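Participant: Could you have a look at this structure, given as structure tokens, before my questions?
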Amino acid sequence: MTALAPSLSGRLSLHGVDHTARPTWKLRETVEFYRDILGLPLVHAITAKGWGREKEQHADFIHFFFESGNQSCIAFFYYIGTQQPPELVVPKGYMAMANHTAWRVETEDELLAWQKRLEGKGVRVSQFVKHEILESIYFRDPNFYPLEITRALRDMEELDAADAKMTIDAALTLEDSGRWTNIEQLWRAKADFVQKLLQDAAAASAS
Amino acid sequence: MSGFYVLDVPEFAPLVRAAEQHERCRVHPVIAGYRYIEFDGEIEIKRDTTGLGEAVWFGCLTAGLDGKITSFTSDAIKLAPTNEPVLGV
């Protein structure tokens with residue numbers, strides 16, 4: 001019997017983002033934005049006659065990659081001779097912004113430098129926004145894809161993970177009820193989880 | 001008893017400091033990473049007493065609420081005791 005490879009014998013893990021990808025119907029604007037405005041190196045391009053998927057009438061395409069730090073890439077597919085399907089037009093409004101890419105920088109000065117660089121190139125950029133453990137700026141690419149550059153305000157601790165677990169456990173309970181409509185219900189439901197945690201901690205310290 | 005929990009992390013510390021200055025709040029010690037802030041009757045906490053930005057302010061009860069929200073704007077939050085079930089009746 002063949003022994004399992006080390007990576008398969010223990011806990012499987014991932015090692016960060018290799019690339020994410022999305023379609024574009026604006027080849028020139030996309031290249032100019034990512035390569036020239038953001039200054040991300042164009043590091044790879046695949047060109048192919050479909051994927052050999054004749055039944056799907058798969059378009060011929062270019063799949064091109066920009067390096068965005070730590071060996072990760074943001075990539076695009078340009079399907080030659082096709083029109084953008086309406087369902088792939090990025091909708092306006094906050095819900096579609098959930099589907100975004102956030103790149104990391106290390107310092108506030110770097111974040112400020114990115115904001116100035118983008119503004120200097122004519123890109124509309126948000127003010128700095130602090131979200132608990134992150135501080136970010138937001139902007140969009142020529143395809144209207146939402147982008148973010150962010151810096152960590154602190155490291156994530158075990159406490160954050162424990163708190164996240166209680167948040168999600170409470171949320172799952174509410175989702176199962178079919179009657180969940182607002183965040184106040186979640187905060188009230190979560191209080192029960194936190195109260196039990198504190199009672200257990202008190203009991204443990206008393207024993 | 002009515003109150004709310006605050007996770008013991010830097011971004012929510014300004015909320016604890018504001019509660020310490022609030023005459024109707026009683027701030028409990030941290031246990032297992034959480035601080036309970038007890039209040040009597042209906043209370044109002046103004047955002048400018050916390051110094052929190054809006055992004056954190058609108059999530060400031062994320063650690064849990066024993067009570068109900070009677071008003072929540074960018075300027076202030078009002079909390080009150082409740083016996084109503086979480087999901088209503």
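Letters A, B, ... mark the chains of the structure tokens in the order given; residue numbers begin at 1 per chain; ligand numbers begin at 1, in order shown.
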Output the contact residues of chain A with respect to chain B at a cut-off of 9 Å, based on only C-alpha atoms, as number ranges by chain.

Facilitator: A: 129-133, 154, 159-160, 163, 166-167, 174, 177, 179-181, 183-195, 197-198, 201-202

Participant: Leaving out Phe61 (chain A) and any residue of its chain fewer than 5 positions from it, which residues lie within 7 Å of it when counting only C-alpha atoms, given as an MDAnalysis selection string?

Facilitator: chainID A and resid 47:50 77:80

Participant: Take the residues that were just selected and, keeping N, CA and C atoms, output them as a compact mmCIF listing (two decimals), in the first residue's frame.

Facilitator:
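See part15.txt below for the written result:
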```txt
# COMPACT_ATOMS: atom_id res chain seq x y z
N THR A 47 -3.02 32.22 -24.69
CA THR A 47 -3.95 32.43 -25.80
C THR A 47 -4.37 31.06 -26.30
N ALA A 48 -5.64 30.91 -26.59
CA ALA A 48 -6.08 29.57 -26.96
C ALA A 48 -7.30 29.61 -27.86
N LYS A 49 -7.42 28.56 -28.64
CA LYS A 49 -8.58 28.40 -29.49
C LYS A 49 -9.65 27.71 -28.67
N GLY A 50 -10.43 28.52 -28.00
CA GLY A 50 -11.43 27.96 -27.09
C GLY A 50 -10.73 27.08 -26.06
N PHE A 77 -10.00 37.25 -18.52
CA PHE A 77 -10.27 36.55 -19.78
C PHE A 77 -10.85 37.57 -20.76
N TYR A 78 -10.28 37.62 -21.94
CA TYR A 78 -10.85 38.44 -23.02
C TYR A 78 -11.31 37.46 -24.09
N TYR A 79 -12.62 37.35 -24.27
CA TYR A 79 -13.19 36.41 -25.23
C TYR A 79 -13.35 37.12 -26.56
N ILE A 80 -12.54 36.73 -27.52
CA ILE A 80 -12.43 37.45 -28.79
C ILE A 80 -13.74 37.39 -29.58
```

Participant: Using only C-alpha atoms, determine which residues lie at most 9 Å from Asp141 (chain A), disregarding the query and same-chain residues fewer than 2 positions distant; provide the list as JSON, numbers by chain.

Facilitator: {"A": [29, 30, 33, 34, 123, 139, 143, 144, 145, 146, 147]}

Participant: When DSSP works through the backbone of this structure, what residues of region 38-115 of chain A end up as helix (DSSP H, G or I), shown as a list in words?

Facilitator: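 Filtering region 38-115 of chain A to helix (DSSP H, G or I) leaves Pro86, Glu87, Leu88, Tyr94, Met95, Ala96, Met97, Glu108, Asp109, Glu110, Leu111, Leu112, Ala113, Trp114 and Gln115 of chain A.
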
Participant: Name all residues at most 9 Å from region 108-120 of chain A (count only C-alpha atoms; drop same-chain ones fewer than 2 positions away) and give them as a PyMOL selection string.

Facilitator: chain A and resi 37-38+105-106+122-128+135-137+139+149-151

Participant: Just N, CA and C atoms for this one: save the residues we selected as a short mmCIF file (atom, residue, chain, number, x, y, z; two decimals), in the first residue's frame.

Facilitator:
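So again-v2.cif came out as:
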```cif
data_model
loop_
_atom_site.label_atom_id
_atom_site.label_comp_id
_atom_site.auth_asym_id
_atom_site.auth_seq_id
_atom_site.Cartn_x
_atom_site.Cartn_y
_atom_site.Cartn_z
N ILE A 37 -1.58 52.28 -14.81
CA ILE A 37 -2.04 53.11 -13.69
C ILE A 37 -1.67 52.47 -12.36
N LEU A 38 -2.02 51.18 -12.18
CA LEU A 38 -1.64 50.52 -10.94
C LEU A 38 -0.16 50.11 -10.95
N VAL A 105 -1.47 46.44 1.76
CA VAL A 105 -0.22 47.18 1.93
C VAL A 105 0.11 47.14 3.42
N GLU A 106 1.33 47.57 3.75
CA GLU A 106 1.79 47.38 5.12
C GLU A 106 1.60 48.59 6.02
N GLY A 122 -6.23 60.17 -12.28
CA GLY A 122 -7.61 60.43 -12.65
C GLY A 122 -8.61 59.39 -12.17
N VAL A 123 -8.20 58.52 -11.25
CA VAL A 123 -9.12 57.50 -10.72
C VAL A 123 -9.84 58.07 -9.51
N ARG A 124 -11.13 57.89 -9.45
CA ARG A 124 -11.89 58.32 -8.26
C ARG A 124 -11.63 57.34 -7.13
N VAL A 125 -11.17 57.87 -6.02
CA VAL A 125 -10.79 57.03 -4.87
C VAL A 125 -11.52 57.52 -3.64
N SER A 126 -11.92 56.59 -2.80
CA SER A 126 -12.61 56.96 -1.55
C SER A 126 -11.62 57.57 -0.56
N GLN A 127 -12.17 58.13 0.48
CA GLN A 127 -11.36 58.50 1.63
C GLN A 127 -10.95 57.22 2.36
N PHE A 128 -10.06 57.36 3.34
CA PHE A 128 -9.71 56.22 4.18
C PHE A 128 -10.93 55.80 5.01
N GLU A 135 -7.96 49.24 7.47
CA GLU A 135 -8.18 50.59 6.96
C GLU A 135 -8.00 50.54 5.46
N SER A 136 -8.97 51.08 4.72
CA SER A 136 -9.01 50.82 3.28
C SER A 136 -9.32 52.06 2.47
N ILE A 137 -8.92 51.98 1.18
CA ILE A 137 -9.44 52.89 0.17
C ILE A 137 -10.14 52.04 -0.90
N PHE A 139 -11.98 51.88 -4.94
CA PHE A 139 -12.06 52.46 -6.28
C PHE A 139 -12.54 51.38 -7.23
N ILE A 149 -7.70 48.71 -1.56
CA ILE A 149 -6.35 48.53 -1.01
C ILE A 149 -6.48 48.76 0.48
N THR A 150 -5.90 47.85 1.25
CA THR A 150 -6.15 47.87 2.69
C THR A 150 -4.88 47.60 3.48
N ARG A 151 -4.88 48.06 4.71
CA ARG A 151 -3.79 47.71 5.62
C ARG A 151 -4.39 47.19 6.92
#
```

Participant: Which residues, written as a list in words, have at least one atom at most 6 Å from region 15-29 of chain B, with only C-alpha atoms counted and residues fewer than 6 positions away on the same chain left out?

Facilitator: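 The contact residues come out as Arg35, Tyr36, Ile37, Glu38, Phe39, Asp40, Thr49 and Thr50 of chain B.
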
Participant: Based on the selection just made, write C-alpha atoms of those residues as a PDB file, in the first residue's frame.

Facilitator:
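This is the output file part_20.pdb:
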```
ATOM      1  CA  ARG B  35     -16.675  43.062  28.913  1.00  0.00           C
ATOM      2  CA  TYR B  36     -20.285  43.447  30.007  1.00  0.00           C
ATOM      3  CA  ILE B  37     -21.633  46.984  30.157  1.00  0.00           C
ATOM      4  CA  GLU B  38     -24.729  47.074  32.286  1.00  0.00           C
ATOM      5  CA  PHE B  39     -27.262  49.881  32.045  1.00  0.00           C
ATOM      6  CA  ASP B  40     -30.361  51.034  33.918  1.00  0.00           C
ATOM      7  CA  THR B  49     -18.355  60.702  23.235  1.00  0.00           C
ATOM      8  CA  THR B  50     -16.761  57.576  21.778  1.00  0.00           C
TER       9      THR B  50
END
```

Participant: List as a list in words the protein and nucleic acid residues near region 69-73 of chain A, meaning an atom at most 8 Å away when only C-alpha atoms are counted, but skip any in the same chain fewer than 6 places from it.

Facilitator: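 With the cut-off at 8 Å, the set is Gly16, Val17, Asp18, His19 and Thr20 of chain A.
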
Participant: Please write the residues from the selection above to a file, keeping C-alpha atoms, as a JSON list (two decimals), in the first residue's frame.

Facilitator:
```
[["chain", "number", "residue", "atom", "x", "y", "z"],
["A", 16, "GLY", "CA", -2.56, 32.10, -0.19],
["A", 17, "VAL", "CA", -4.06, 33.34, -3.43],
["A", 18, "ASP", "CA", -2.50, 32.24, -6.71],
["A", 19, "HIS", "CA", -4.89, 34.28, -8.84],
["A", 20, "THR", "CA", -8.44, 35.38, -9.16]]
```
